[in-house]
Amino acid sequence: MRNLTLLTDLYQLTMGYGFYRHDKHEEEVVFDLFFRKNSLITYSLAAGLEQAMDYLLNWRFDDEDIAYLRSLKLFDEDFLAYLKNMKFTGDVYAVKEGTPVFPGEPILTIKAPLIQAQFAETALLNIINHQTLIATKSSKICRATAGQGVVMEFGLRRAQAPDAGIYGARAAVIGGCASTSNVIAGQMFDIPVAGTMAHSWVMDYPTEYEAFRAYANAYPDSCMLLVDTYDTLRSGMPNAIKVFKELRAAGHEPKGVRLDSGDLAYLSKKARKMLDDAGFENAIVCVSGDLDERSISSLIQQGAKIGSWGVGTRLITSEDLPALGGVYKLAAVIEKDGTVTPKIKLSDNTAKITNPAFKSLYRLYDKENGMAIADLITLKDETVDESKPLTLFHPIETWREHEVENFYAVPLQETIVKNGKLVYEFPKLMEVQAYSKAELAKFWEEYLRLDLPQVYKVDLSKKLHDLKFGMIDGIRKKAKKESEK
């Protein structure tokens, strides 16, 4: 495995050196990883946790790394020797992969010595931002099919880099894709792999019929023919049906046909009728070609007869939102006596004001129907009393609050790492997908719809609300006093 320890920004190391020089590097701190907004949809699907923990628990500054850092002439030998032996020794709390998450809530929390927690920032954001982004895009695309057929991830050739293709395929499956064309991702993550033929196969043979016949001979029990190389309805479909009849006569059943261009709504309906009239009601019509959730939704509305969807470029690149924008912020310092000192970042942009302190995250559900009501961020040592109505406070707009009752609360974060040791067993990828689908089913459609979804509430407990706005008021008063001196 590649050593990715230096998958970081330089300032993580220069800050680490500064902490070391000022004897702050072993100070225990708490950082939260979260995103502020997501214009794709109100929810995102948390993903990338397994790879993030693999990085965190396996970093190693080898001799080549140390030699390179020495060549930068930024660090003394004592610090380089410290890095040589530095391992992650802290705790990690995180929501499970596949969990729907919302702006402002901690997807992952690190409690560790300052130098370790700070150094981890860049790689954690790189891994979790990317996979969460692609899992969310995949979820939108798969939901757009409205249960009509499965989605196959076909994006490797258009991914920005090999790793983006590999881990993007993994994330796409978390979001709902049934398979991938990406063979190495299939091998690494035990994902079902799928694929048919390219136009070059058809073009290489003297006639389309001969090309189809040769492919059927090679794959008699999984024959999916690409029918749009020359003329879908006048050539491709008649030749495919001819070969399908030959397959059936030999005791095999075809899988179906694939359309990659043209008016997919019109062509799919015509292809479906031609297959049905020829007695191949079970053969599916698969489509591909720059699909996304909007084009799929439109095709469904037009009555397209499609049994599977091959989605590539716009999924693997999340074309309409190429970056999630997750951030990683200091939330608290833990003093030597165990006292938790909350920290807050202020900004003229109210959306960038952070929630201070070591925190917990809960999801509140209606006791009568089991549907999600809101998410609640609390102080770490708070308990949620389910026996009486609970008032929730908006994290930014101080005048907004609402009351919930007849609810139950479920903690969303689990302990993943304790004292530098993995204490969580990662489920298989298809289990993550099943879990994610089950969790999404607990949200009303109003929160999940493609256009103008209702904003799901992520609110603060009274204790956290009072702490946050008390800190803001105190900092502003202090700044005003200093300006008047």
# chains A, B, ... in the order shown; residues from 1 in each chain; ligands from 1
>>> closest_atom_pairs(of="segment 79-138 of chain A", to="segment 148-161 of chain A", cutoff="12 Å", atoms="only C-alpha atoms", output="tab-separated table")
residue	atom	partner	partner_atom	distance
A:His130	CA	A:Gln160	CA	11.7
A:Ile134	CA	A:Glu153	CA	11.0
A:Ala135	CA	A:Glu153	CA	11.4
A:Lys137	CA	A:Glu153	CA	11.5
A:Ser138	CA	A:Glu153	CA	8.7
>>> residues_around(residues="Glu246 of chain A", least_positions_apart="5", cutoff="12 Å", atoms="only C-alpha atoms", output="VMD selection string")
chain A and resid 209 212 to 214 216 to 217 220 223 239 to 241 251 to 254
>>> atom_distance(atom1="atom CA of Tyr424 of chain A", atom2="atom CA of Pro342 of chain A")
27.5 Å
>>> residues_around(residues="Phe280 of chain A", least_positions_apart="2", cutoff="10 Å", atoms="only C-alpha atoms", output="list of chain:residue names")
A:Ile241, A:Phe244, A:Lys245, A:Arg248, A:Glu253, A:Pro254, A:Lys255, A:Gly256, A:Arg272, A:Lys273, A:Met274, A:Leu275, A:Asp276, A:Asp277, A:Ala278, A:Asn282, A:Ala283, A:Ile284
>>> closest_residue(among="A:Phe119, A:Tyr55, A:Phe358, A:Tyr17", to="Pro106 of chain A", atoms="only C-alpha atoms")
A:Phe358
>>> closest_residue(among="A:Val455, A:Lys468, A:Lys336, A:Phe79", to="Thr398 of chain A", atoms="only C-alpha atoms")
A:Lys468
